[in-house]
$ cat start-v4.cif   # mmCIF, N, CA and C atoms and all ligand atoms
data_upload
loop_
_atom_site.label_atom_id
_atom_site.label_comp_id
_atom_site.auth_asym_id
_atom_site.auth_seq_id
_atom_site.Cartn_x
_atom_site.Cartn_y
_atom_site.Cartn_z
N MET A 1429 -19.85 6.90 0.07
CA MET A 1429 -18.41 6.59 0.15
C MET A 1429 -18.08 5.80 1.39
N GLY A 1430 -17.22 4.82 1.25
CA GLY A 1430 -16.81 4.00 2.38
C GLY A 1430 -15.79 4.74 3.24
N ASN A 1431 -15.49 4.15 4.39
CA ASN A 1431 -14.56 4.82 5.30
C ASN A 1431 -13.33 3.97 5.62
N LYS A 1432 -13.07 2.96 4.77
CA LYS A 1432 -11.92 2.09 5.05
C LYS A 1432 -11.01 1.96 3.83
N THR A 1433 -9.73 1.82 4.09
CA THR A 1433 -8.79 1.54 3.00
C THR A 1433 -7.63 0.72 3.54
N LEU A 1434 -6.92 0.09 2.62
CA LEU A 1434 -5.77 -0.74 3.01
C LEU A 1434 -4.51 -0.08 2.48
N ALA A 1435 -3.61 0.22 3.39
CA ALA A 1435 -2.28 0.73 3.03
C ALA A 1435 -1.28 -0.39 3.21
N ILE A 1436 -0.23 -0.36 2.41
CA ILE A 1436 0.94 -1.21 2.70
C ILE A 1436 2.18 -0.32 2.61
N LEU A 1437 2.96 -0.31 3.68
CA LEU A 1437 4.29 0.28 3.58
C LEU A 1437 5.15 -0.82 2.97
N LYS A 1438 5.54 -0.62 1.72
CA LYS A 1438 6.17 -1.67 0.91
C LYS A 1438 7.61 -1.93 1.37
N PRO A 1439 8.21 -3.05 0.91
CA PRO A 1439 9.53 -3.43 1.42
C PRO A 1439 10.61 -2.35 1.32
N ASP A 1440 10.55 -1.50 0.28
CA ASP A 1440 11.57 -0.44 0.17
C ASP A 1440 11.43 0.56 1.32
N SER A 1441 10.20 0.86 1.73
CA SER A 1441 9.98 1.79 2.86
C SER A 1441 10.53 1.22 4.16
N VAL A 1442 10.32 -0.10 4.35
CA VAL A 1442 10.82 -0.74 5.57
C VAL A 1442 12.34 -0.73 5.58
N LYS A 1443 12.94 -1.13 4.44
CA LYS A 1443 14.42 -1.19 4.34
C LYS A 1443 15.07 0.16 4.60
N LYS A 1444 14.43 1.21 4.11
CA LYS A 1444 15.04 2.55 4.22
C LYS A 1444 14.65 3.27 5.51
N ASN A 1445 13.96 2.53 6.43
CA ASN A 1445 13.58 3.12 7.73
C ASN A 1445 12.60 4.28 7.62
N TYR A 1446 11.66 4.19 6.67
CA TYR A 1446 10.67 5.24 6.50
C TYR A 1446 9.36 4.97 7.25
N ILE A 1447 9.28 3.82 7.95
CA ILE A 1447 8.00 3.45 8.57
C ILE A 1447 7.46 4.59 9.45
N GLY A 1448 8.31 5.07 10.35
CA GLY A 1448 7.86 6.09 11.30
C GLY A 1448 7.39 7.35 10.61
N ASP A 1449 8.17 7.81 9.62
CA ASP A 1449 7.82 9.06 8.93
C ASP A 1449 6.50 8.92 8.18
N ILE A 1450 6.30 7.76 7.53
CA ILE A 1450 5.07 7.60 6.74
C ILE A 1450 3.87 7.43 7.66
N VAL A 1451 4.02 6.66 8.75
CA VAL A 1451 2.90 6.52 9.70
C VAL A 1451 2.54 7.88 10.28
N LYS A 1452 3.54 8.69 10.54
CA LYS A 1452 3.28 10.04 11.07
C LYS A 1452 2.45 10.87 10.09
N MET A 1453 2.76 10.76 8.80
CA MET A 1453 1.99 11.49 7.78
C MET A 1453 0.55 10.98 7.74
N ILE A 1454 0.40 9.65 7.84
CA ILE A 1454 -0.94 9.05 7.77
C ILE A 1454 -1.81 9.54 8.95
N LEU A 1455 -1.23 9.54 10.14
CA LEU A 1455 -1.98 9.98 11.33
C LEU A 1455 -2.26 11.49 11.27
N ALA A 1456 -1.28 12.25 10.81
CA ALA A 1456 -1.46 13.70 10.71
C ALA A 1456 -2.56 14.05 9.71
N ALA A 1457 -2.79 13.17 8.73
CA ALA A 1457 -3.85 13.41 7.73
C ALA A 1457 -5.22 12.98 8.25
N GLY A 1458 -5.29 12.49 9.48
CA GLY A 1458 -6.58 12.21 10.10
C GLY A 1458 -7.07 10.78 9.98
N PHE A 1459 -6.21 9.89 9.51
CA PHE A 1459 -6.61 8.47 9.44
C PHE A 1459 -6.46 7.83 10.82
N LYS A 1460 -7.36 6.89 11.11
CA LYS A 1460 -7.25 6.07 12.33
C LYS A 1460 -6.73 4.68 11.93
N ILE A 1461 -5.79 4.16 12.70
CA ILE A 1461 -5.26 2.83 12.44
C ILE A 1461 -6.16 1.79 13.10
N LYS A 1462 -6.72 0.90 12.28
CA LYS A 1462 -7.62 -0.15 12.79
C LYS A 1462 -6.90 -1.49 12.90
N GLY A 1463 -5.79 -1.65 12.18
CA GLY A 1463 -4.98 -2.86 12.22
C GLY A 1463 -3.63 -2.57 11.60
N MET A 1464 -2.59 -3.19 12.15
CA MET A 1464 -1.24 -2.93 11.63
C MET A 1464 -0.33 -4.09 12.04
N LYS A 1465 0.49 -4.56 11.11
CA LYS A 1465 1.41 -5.66 11.42
C LYS A 1465 2.60 -5.60 10.48
N MET A 1466 3.66 -6.28 10.84
CA MET A 1466 4.77 -6.44 9.91
C MET A 1466 4.82 -7.91 9.49
N ILE A 1467 4.88 -8.13 8.18
CA ILE A 1467 4.92 -9.50 7.65
C ILE A 1467 5.89 -9.55 6.47
N LYS A 1468 6.30 -10.75 6.12
CA LYS A 1468 7.00 -10.95 4.85
C LYS A 1468 6.04 -11.72 3.96
N MET A 1469 5.59 -11.09 2.89
CA MET A 1469 4.63 -11.75 2.01
C MET A 1469 5.27 -12.94 1.32
N THR A 1470 4.49 -14.01 1.17
CA THR A 1470 4.93 -15.14 0.36
C THR A 1470 4.62 -14.83 -1.11
N PRO A 1471 5.29 -15.51 -2.04
CA PRO A 1471 4.95 -15.32 -3.46
C PRO A 1471 3.47 -15.60 -3.73
N GLU A 1472 2.91 -16.62 -3.08
CA GLU A 1472 1.49 -16.95 -3.28
C GLU A 1472 0.60 -15.78 -2.88
N SER A 1473 0.90 -15.22 -1.72
CA SER A 1473 0.11 -14.10 -1.22
C SER A 1473 0.22 -12.88 -2.12
N ALA A 1474 1.44 -12.57 -2.57
CA ALA A 1474 1.66 -11.39 -3.43
C ALA A 1474 1.01 -11.58 -4.79
N LYS A 1475 1.10 -12.80 -5.33
CA LYS A 1475 0.47 -13.08 -6.63
C LYS A 1475 -1.04 -12.89 -6.55
N LEU A 1476 -1.62 -13.37 -5.46
CA LEU A 1476 -3.06 -13.25 -5.28
C LEU A 1476 -3.46 -11.78 -5.06
N PHE A 1477 -2.69 -11.09 -4.24
CA PHE A 1477 -3.00 -9.69 -3.93
C PHE A 1477 -3.04 -8.84 -5.20
N TYR A 1478 -2.11 -9.11 -6.12
CA TYR A 1478 -2.00 -8.32 -7.35
C TYR A 1478 -2.54 -9.05 -8.57
N LEU A 1479 -3.44 -10.01 -8.35
CA LEU A 1479 -3.96 -10.84 -9.45
C LEU A 1479 -4.51 -10.02 -10.61
N VAL A 1480 -5.09 -8.87 -10.31
CA VAL A 1480 -5.66 -8.01 -11.34
C VAL A 1480 -4.59 -7.58 -12.36
N HIS A 1481 -3.32 -7.58 -11.95
CA HIS A 1481 -2.22 -7.16 -12.83
C HIS A 1481 -1.49 -8.35 -13.48
N LYS A 1482 -2.08 -9.56 -13.41
CA LYS A 1482 -1.32 -10.76 -13.82
C LYS A 1482 -0.86 -10.73 -15.27
N ASP A 1483 -1.55 -10.01 -16.14
CA ASP A 1483 -1.14 -9.97 -17.54
C ASP A 1483 -0.27 -8.77 -17.88
N ARG A 1484 0.04 -7.95 -16.87
CA ARG A 1484 0.87 -6.77 -17.15
C ARG A 1484 2.35 -7.19 -17.16
N PRO A 1485 3.16 -6.48 -17.95
CA PRO A 1485 4.58 -6.86 -18.07
C PRO A 1485 5.36 -6.77 -16.76
N PHE A 1486 4.87 -5.96 -15.83
CA PHE A 1486 5.61 -5.77 -14.58
C PHE A 1486 5.20 -6.74 -13.47
N TYR A 1487 4.28 -7.68 -13.77
CA TYR A 1487 3.71 -8.54 -12.72
C TYR A 1487 4.77 -9.35 -11.95
N ASN A 1488 5.66 -10.03 -12.67
CA ASN A 1488 6.65 -10.86 -11.99
C ASN A 1488 7.61 -10.02 -11.14
N ASP A 1489 8.04 -8.89 -11.69
CA ASP A 1489 8.91 -7.99 -10.92
C ASP A 1489 8.19 -7.46 -9.69
N LEU A 1490 6.90 -7.18 -9.84
CA LEU A 1490 6.11 -6.66 -8.72
C LEU A 1490 6.03 -7.68 -7.59
N VAL A 1491 5.80 -8.95 -7.97
CA VAL A 1491 5.74 -10.02 -6.96
C VAL A 1491 7.10 -10.18 -6.28
N GLU A 1492 8.16 -10.10 -7.06
CA GLU A 1492 9.51 -10.21 -6.50
C GLU A 1492 9.80 -9.06 -5.51
N TYR A 1493 9.44 -7.88 -5.91
CA TYR A 1493 9.62 -6.68 -5.06
C TYR A 1493 8.83 -6.80 -3.77
N MET A 1494 7.58 -7.21 -3.87
CA MET A 1494 6.72 -7.26 -2.69
C MET A 1494 7.10 -8.37 -1.72
N THR A 1495 7.91 -9.34 -2.22
CA THR A 1495 8.36 -10.44 -1.36
C THR A 1495 9.84 -10.30 -0.99
N SER A 1496 10.43 -9.15 -1.33
CA SER A 1496 11.88 -8.98 -1.14
C SER A 1496 12.28 -8.69 0.30
N GLY A 1497 11.30 -8.42 1.14
CA GLY A 1497 11.57 -8.13 2.55
C GLY A 1497 10.27 -7.86 3.25
N PRO A 1498 10.33 -7.58 4.55
CA PRO A 1498 9.09 -7.33 5.28
C PRO A 1498 8.37 -6.08 4.79
N CYS A 1499 7.05 -6.11 4.93
CA CYS A 1499 6.24 -4.95 4.62
C CYS A 1499 5.24 -4.75 5.77
N VAL A 1500 4.56 -3.61 5.76
CA VAL A 1500 3.66 -3.27 6.87
C VAL A 1500 2.27 -2.92 6.34
N PRO A 1501 1.37 -3.91 6.26
CA PRO A 1501 -0.02 -3.60 5.92
C PRO A 1501 -0.71 -2.87 7.07
N ILE A 1502 -1.51 -1.89 6.72
CA ILE A 1502 -2.23 -1.09 7.73
C ILE A 1502 -3.67 -0.89 7.26
N ALA A 1503 -4.63 -1.30 8.09
CA ALA A 1503 -6.04 -1.05 7.81
C ALA A 1503 -6.38 0.32 8.39
N LEU A 1504 -6.92 1.18 7.52
CA LEU A 1504 -7.15 2.58 7.92
C LEU A 1504 -8.61 2.96 7.83
N GLU A 1505 -8.99 3.92 8.66
CA GLU A 1505 -10.36 4.43 8.65
C GLU A 1505 -10.35 5.95 8.60
N LYS A 1506 -11.15 6.47 7.71
CA LYS A 1506 -11.39 7.92 7.61
C LYS A 1506 -12.57 8.09 6.67
N GLU A 1507 -13.30 9.17 6.77
CA GLU A 1507 -14.37 9.42 5.81
C GLU A 1507 -13.77 9.50 4.41
N ASN A 1508 -14.41 8.82 3.44
CA ASN A 1508 -13.92 8.82 2.06
C ASN A 1508 -12.47 8.33 1.98
N ALA A 1509 -12.20 7.25 2.72
CA ALA A 1509 -10.82 6.80 2.96
C ALA A 1509 -10.04 6.49 1.67
N VAL A 1510 -10.66 5.81 0.72
CA VAL A 1510 -9.93 5.39 -0.49
C VAL A 1510 -9.38 6.61 -1.22
N ALA A 1511 -10.23 7.56 -1.52
CA ALA A 1511 -9.80 8.75 -2.27
C ALA A 1511 -8.85 9.61 -1.43
N GLU A 1512 -9.17 9.75 -0.15
CA GLU A 1512 -8.33 10.58 0.73
C GLU A 1512 -6.92 9.99 0.83
N PHE A 1513 -6.84 8.66 0.91
CA PHE A 1513 -5.51 8.06 1.04
C PHE A 1513 -4.73 8.15 -0.27
N ARG A 1514 -5.42 7.96 -1.38
CA ARG A 1514 -4.70 8.07 -2.67
C ARG A 1514 -4.22 9.50 -2.90
N LYS A 1515 -4.97 10.47 -2.37
CA LYS A 1515 -4.52 11.87 -2.44
C LYS A 1515 -3.24 12.06 -1.61
N LEU A 1516 -3.22 11.44 -0.44
CA LEU A 1516 -2.06 11.57 0.46
C LEU A 1516 -0.81 10.93 -0.15
N ILE A 1517 -0.97 9.80 -0.86
CA ILE A 1517 0.22 9.10 -1.37
C ILE A 1517 0.66 9.62 -2.73
N GLY A 1518 -0.24 10.18 -3.52
CA GLY A 1518 0.15 10.72 -4.82
C GLY A 1518 0.18 9.67 -5.92
N ALA A 1519 0.56 10.09 -7.12
CA ALA A 1519 0.53 9.23 -8.31
C ALA A 1519 1.46 8.03 -8.16
N THR A 1520 1.13 6.97 -8.91
CA THR A 1520 1.92 5.73 -8.90
C THR A 1520 3.40 6.01 -9.17
N ASP A 1521 3.66 6.87 -10.16
CA ASP A 1521 5.02 7.26 -10.51
C ASP A 1521 5.39 8.53 -9.73
N PRO A 1522 6.38 8.45 -8.85
CA PRO A 1522 6.72 9.63 -8.03
C PRO A 1522 7.09 10.86 -8.86
N ALA A 1523 7.55 10.63 -10.10
CA ALA A 1523 7.88 11.76 -10.97
C ALA A 1523 6.62 12.56 -11.30
N GLN A 1524 5.46 11.88 -11.20
CA GLN A 1524 4.19 12.56 -11.49
C GLN A 1524 3.42 12.92 -10.22
N ALA A 1525 3.95 12.54 -9.07
CA ALA A 1525 3.23 12.78 -7.80
C ALA A 1525 3.39 14.22 -7.36
N GLU A 1526 2.33 14.73 -6.73
CA GLU A 1526 2.36 16.12 -6.25
C GLU A 1526 3.35 16.28 -5.11
N GLU A 1527 3.85 17.50 -5.00
CA GLU A 1527 4.76 17.86 -3.89
C GLU A 1527 4.09 17.54 -2.56
N GLY A 1528 4.87 17.01 -1.63
CA GLY A 1528 4.36 16.77 -0.29
C GLY A 1528 3.65 15.44 -0.12
N THR A 1529 3.44 14.70 -1.23
CA THR A 1529 2.81 13.38 -1.10
C THR A 1529 3.84 12.35 -0.66
N VAL A 1530 3.34 11.24 -0.13
CA VAL A 1530 4.23 10.19 0.38
C VAL A 1530 5.15 9.69 -0.73
N ARG A 1531 4.58 9.45 -1.91
CA ARG A 1531 5.42 8.92 -2.99
C ARG A 1531 6.42 9.95 -3.49
N LYS A 1532 6.01 11.21 -3.53
CA LYS A 1532 6.98 12.25 -3.94
C LYS A 1532 8.16 12.26 -2.97
N LEU A 1533 7.86 12.10 -1.69
CA LEU A 1533 8.90 12.20 -0.66
C LEU A 1533 9.74 10.93 -0.56
N TYR A 1534 9.10 9.75 -0.72
CA TYR A 1534 9.79 8.52 -0.33
C TYR A 1534 9.94 7.46 -1.42
N ALA A 1535 9.26 7.62 -2.56
CA ALA A 1535 9.35 6.58 -3.60
C ALA A 1535 10.58 6.79 -4.48
N LYS A 1536 11.13 5.65 -4.97
CA LYS A 1536 12.29 5.72 -5.86
C LYS A 1536 11.83 5.89 -7.31
N ASP A 1537 10.89 5.07 -7.72
CA ASP A 1537 10.38 5.12 -9.09
C ASP A 1537 8.98 4.49 -9.13
N LYS A 1538 8.42 4.30 -10.33
CA LYS A 1538 7.03 3.85 -10.39
C LYS A 1538 6.86 2.38 -10.00
N ALA A 1539 7.97 1.64 -9.88
CA ALA A 1539 7.89 0.26 -9.39
C ALA A 1539 8.06 0.24 -7.87
N GLU A 1540 9.19 0.74 -7.40
CA GLU A 1540 9.46 0.79 -5.96
C GLU A 1540 8.93 2.12 -5.42
N ASN A 1541 7.62 2.11 -5.20
CA ASN A 1541 6.97 3.39 -4.92
C ASN A 1541 6.43 3.51 -3.49
N ALA A 1542 7.10 2.86 -2.56
CA ALA A 1542 6.97 3.11 -1.11
C ALA A 1542 5.69 2.62 -0.45
N VAL A 1543 4.55 2.76 -1.14
CA VAL A 1543 3.30 2.52 -0.43
C VAL A 1543 2.20 2.08 -1.38
N HIS A 1544 1.30 1.26 -0.86
CA HIS A 1544 0.10 0.84 -1.59
C HIS A 1544 -1.12 1.53 -1.01
N GLY A 1545 -2.10 1.80 -1.85
CA GLY A 1545 -3.41 2.27 -1.38
C GLY A 1545 -4.50 1.63 -2.23
N SER A 1546 -5.58 1.16 -1.60
CA SER A 1546 -6.69 0.54 -2.33
C SER A 1546 -7.28 1.53 -3.33
N ASP A 1547 -7.90 0.98 -4.40
CA ASP A 1547 -8.44 1.87 -5.44
C ASP A 1547 -9.97 1.95 -5.47
N SER A 1548 -10.64 1.19 -4.59
CA SER A 1548 -12.11 1.27 -4.53
C SER A 1548 -12.56 0.72 -3.17
N ASP A 1549 -13.77 1.05 -2.78
CA ASP A 1549 -14.30 0.53 -1.51
C ASP A 1549 -14.36 -1.00 -1.54
N GLU A 1550 -14.78 -1.54 -2.69
CA GLU A 1550 -14.88 -2.99 -2.83
C GLU A 1550 -13.51 -3.65 -2.64
N ASN A 1551 -12.50 -3.11 -3.31
CA ASN A 1551 -11.15 -3.68 -3.18
C ASN A 1551 -10.57 -3.42 -1.79
N ALA A 1552 -10.93 -2.31 -1.16
CA ALA A 1552 -10.45 -2.05 0.20
C ALA A 1552 -10.89 -3.18 1.13
N ALA A 1553 -12.13 -3.59 1.02
CA ALA A 1553 -12.65 -4.66 1.88
C ALA A 1553 -11.93 -5.98 1.60
N ILE A 1554 -11.74 -6.28 0.31
CA ILE A 1554 -11.04 -7.52 -0.07
C ILE A 1554 -9.60 -7.48 0.43
N GLU A 1555 -8.94 -6.34 0.27
CA GLU A 1555 -7.52 -6.22 0.62
C GLU A 1555 -7.30 -6.24 2.14
N ILE A 1556 -8.21 -5.62 2.89
CA ILE A 1556 -8.10 -5.66 4.36
C ILE A 1556 -8.24 -7.11 4.82
N ALA A 1557 -9.19 -7.83 4.22
CA ALA A 1557 -9.40 -9.24 4.59
C ALA A 1557 -8.23 -10.13 4.15
N HIS A 1558 -7.47 -9.67 3.16
CA HIS A 1558 -6.29 -10.42 2.71
C HIS A 1558 -5.24 -10.50 3.84
N PHE A 1559 -5.17 -9.47 4.65
CA PHE A 1559 -4.12 -9.39 5.68
C PHE A 1559 -4.62 -9.54 7.12
N PHE A 1560 -5.89 -9.20 7.37
CA PHE A 1560 -6.35 -9.12 8.76
C PHE A 1560 -7.59 -9.98 9.00
N SER A 1561 -7.56 -10.71 10.13
CA SER A 1561 -8.78 -11.38 10.58
C SER A 1561 -9.61 -10.33 11.34
N THR A 1562 -10.87 -10.64 11.61
CA THR A 1562 -11.72 -9.65 12.30
C THR A 1562 -11.17 -9.34 13.69
N GLN A 1563 -10.53 -10.35 14.33
CA GLN A 1563 -9.94 -10.13 15.66
C GLN A 1563 -8.80 -9.13 15.63
N GLU A 1564 -8.17 -9.02 14.47
CA GLU A 1564 -6.99 -8.13 14.35
C GLU A 1564 -7.38 -6.70 13.98
N LEU A 1565 -8.69 -6.46 13.84
CA LEU A 1565 -9.17 -5.13 13.51
C LEU A 1565 -9.88 -4.56 14.73
N VAL A 1566 -9.39 -3.44 15.23
CA VAL A 1566 -9.95 -2.93 16.49
C VAL A 1566 -11.06 -1.91 16.25
N1 LIG B 1 3.92 -0.92 -11.06
C1 LIG B 1 5.10 -1.12 -11.76
N2 LIG B 1 5.19 -0.62 -13.04
C2 LIG B 1 4.18 0.06 -13.63
C3 LIG B 1 2.99 0.26 -12.92
C4 LIG B 1 2.90 -0.26 -11.63
O1 LIG B 1 6.03 -1.74 -11.26
O2 LIG B 1 4.34 0.50 -14.79
C5 LIG B 1 3.79 -1.46 -9.69
C6 LIG B 1 3.86 -0.36 -8.62
O3 LIG B 1 4.53 -0.87 -7.47
C7 LIG B 1 2.39 -0.10 -8.38
C8 LIG B 1 1.81 -1.52 -8.47
O4 LIG B 1 2.54 -2.11 -9.55
O5 LIG B 1 2.16 0.52 -7.12
C9 LIG B 1 0.33 -1.58 -8.76
O6 LIG B 1 0.05 -0.81 -9.90
P1 LIG B 1 -1.23 0.15 -9.96
O7 LIG B 1 -1.41 0.57 -11.37
O8 LIG B 1 -2.37 -0.52 -9.28
O9 LIG B 1 -0.74 1.44 -9.14
P2 LIG B 1 -1.20 1.98 -7.69
O10 LIG B 1 -2.64 1.66 -7.51
O11 LIG B 1 -0.30 1.30 -6.67
O12 LIG B 1 -0.93 3.46 -7.73
MG MG B 2 -3.64 -0.12 -7.70
#
$ encode --input "start-v4.cif" --output "structure tokens" --more "lines below"
Ligand code: UDP
Ligand code: MG
Amino acid sequence: MGNKTLAILKPDSVKKNYIGDIVKMILAAGFKIKGMKMIKMTPESAKLFYLVHKDRPFYNDLVEYMTSGPCVPIALEKENAVAEFRKLIGATDPAQAEEGTVRKLYAKDKAENAVHGSDSDENAAIEIAHFFSTQELV
């Protein structure tokens, strides 16, 4: 198992001032922050980031949502990081997320769901490189 994953505090989390609370949960769960920045994604960047979903009905809305305001990508490190982080954030749809998870606490619905987490070690590496140069990873 790899030890890296990519989180994004999505635009809804930034708008609602949840950055501090969510970062606190991430650190309390034992993750180390290796890189963190605030950016506003361009449509090109968001389309590429979610290319795997290009044929899904929600793709255009997803790109619009992810470019609707600033977001906070965070490169994280922990043993078994991908699975551990997805456990911390809960199911895609907050209605199905377990109590105490980030999405249960902070997501509005299955579209505006507060946070992203990589789904495999391979994608974690690709996604971290999408946002961070090696100099930006400590
Ligand atoms: N999404 C959506 N509608 C859906 C499923 C997903 O708007 O029916 C959005 C949501 O923001 C989700 C993202 O698309 O986080 C990527 O979907 P995925 O299935 O990869 O969920 P995740 O890995 O984020 O839990
Ligand atoms: Mg996913």
$ residues_near_ligand --input "start-v4.cif" --ligand "ligand LIG 1 (chain B)" --cutoff "6.5 Å" --atoms "all atoms listed in the file" --output "JSON, numbers by chain"
{"A": [1486, 1489, 1490, 1519, 1520, 1521, 1538, 1539, 1540, 1541, 1543, 1544, 1545, 1546, 1547]}
$ closest_residue --input "start-v4.cif" --among "A:Ser1548, A:Leu1516, A:Val1442, A:Gly1448" --to "ligand MG 2 (chain B)" --atoms "all atoms listed in the file"
A:Ser1548
$ residues_around --input "start-v4.cif" --residues "range 1429-1437 of chain A" --least-positions-apart "6" --cutoff "7 Å" --atoms "only C-alpha atoms" --output "list in words"
Ile1447, Cys1499, Val1500, Pro1501, Ile1502, Ala1503, Leu1504, Glu1505, Lys1506, Glu1507, Asn1508, Ala1509, Val1510, Ala1542, Val1543, His1544, Gly1545, Ser1546, Asp1549, Ala1552, Glu1555 and Ile1556 of chain A
$ select_by_dssp --input "start-v4.cif" --residues "range 1495-1545 of chain A" --states "alpha helix (DSSP H)" --output "list in words"
Ala1509, Val1510, Ala1511, Glu1512, Phe1513, Arg1514, Lys1515, Leu1516, Ile1517, Val1530, Arg1531, Lys1532, Leu1533 and Tyr1534 of chain A
$ atom_distance --input "start-v4.cif" --atom1 "atom N of Thr1529 in chain A" --atom2 "atom N of Pro1439 in chain A"
18.5 Å
$ closest_residue --input "start-v4.cif" --among "A:Phe1477, A:Phe1513, A:Phe1560, A:Tyr1534" --to "Gly1463 in chain A" --atoms "only N, CA and C atoms"
A:Phe1560
$ build_atoms --input "start-v4.cif" --residues "range 1451-1468 of chain A" --atoms "N, CA, C and O atoms" --output "compact mmCIF listing (two decimals), in the frame of the given file"
# COMPACT_ATOMS: atom_id res chain seq x y z
N VAL A 1451 4.02 6.66 8.75
CA VAL A 1451 2.90 6.52 9.70
C VAL A 1451 2.54 7.88 10.28
O VAL A 1451 1.36 8.21 10.45
N LYS A 1452 3.54 8.69 10.54
CA LYS A 1452 3.28 10.04 11.07
C LYS A 1452 2.45 10.87 10.09
O LYS A 1452 1.51 11.56 10.49
N MET A 1453 2.76 10.76 8.80
CA MET A 1453 1.99 11.49 7.78
C MET A 1453 0.55 10.98 7.74
O MET A 1453 -0.39 11.77 7.58
N ILE A 1454 0.40 9.65 7.84
CA ILE A 1454 -0.94 9.05 7.77
C ILE A 1454 -1.81 9.54 8.95
O ILE A 1454 -2.96 9.93 8.77
N LEU A 1455 -1.23 9.54 10.14
CA LEU A 1455 -1.98 9.98 11.33
C LEU A 1455 -2.26 11.49 11.27
O LEU A 1455 -3.35 11.95 11.61
N ALA A 1456 -1.28 12.25 10.81
CA ALA A 1456 -1.46 13.70 10.71
C ALA A 1456 -2.56 14.05 9.71
O ALA A 1456 -3.21 15.09 9.83
N ALA A 1457 -2.79 13.17 8.73
CA ALA A 1457 -3.85 13.41 7.73
C ALA A 1457 -5.22 12.98 8.25
O ALA A 1457 -6.21 13.08 7.53
N GLY A 1458 -5.29 12.49 9.48
CA GLY A 1458 -6.58 12.21 10.10
C GLY A 1458 -7.07 10.78 9.98
O GLY A 1458 -8.22 10.49 10.31
N PHE A 1459 -6.21 9.89 9.51
CA PHE A 1459 -6.61 8.47 9.44
C PHE A 1459 -6.46 7.83 10.82
O PHE A 1459 -5.54 8.16 11.57
N LYS A 1460 -7.36 6.89 11.11
CA LYS A 1460 -7.25 6.07 12.33
C LYS A 1460 -6.73 4.68 11.93
O LYS A 1460 -7.19 4.10 10.94
N ILE A 1461 -5.79 4.16 12.70
CA ILE A 1461 -5.26 2.83 12.44
C ILE A 1461 -6.16 1.79 13.10
O ILE A 1461 -6.36 1.82 14.31
N LYS A 1462 -6.72 0.90 12.28
CA LYS A 1462 -7.62 -0.15 12.79
C LYS A 1462 -6.90 -1.49 12.90
O LYS A 1462 -7.35 -2.39 13.61
N GLY A 1463 -5.79 -1.65 12.18
CA GLY A 1463 -4.98 -2.86 12.22
C GLY A 1463 -3.63 -2.57 11.60
O GLY A 1463 -3.55 -1.77 10.66
N MET A 1464 -2.59 -3.19 12.15
CA MET A 1464 -1.24 -2.93 11.63
C MET A 1464 -0.33 -4.09 12.04
O MET A 1464 -0.41 -4.56 13.17
N LYS A 1465 0.49 -4.56 11.11
CA LYS A 1465 1.41 -5.66 11.42
C LYS A 1465 2.60 -5.60 10.48
O LYS A 1465 2.54 -4.92 9.45
N MET A 1466 3.66 -6.28 10.84
CA MET A 1466 4.77 -6.44 9.91
C MET A 1466 4.82 -7.91 9.49
O MET A 1466 4.80 -8.80 10.34
N ILE A 1467 4.88 -8.13 8.18
CA ILE A 1467 4.92 -9.50 7.65
C ILE A 1467 5.89 -9.55 6.47
O ILE A 1467 6.22 -8.53 5.89
N LYS A 1468 6.30 -10.75 6.12
CA LYS A 1468 7.00 -10.95 4.85
C LYS A 1468 6.04 -11.72 3.96
O LYS A 1468 5.68 -12.85 4.28
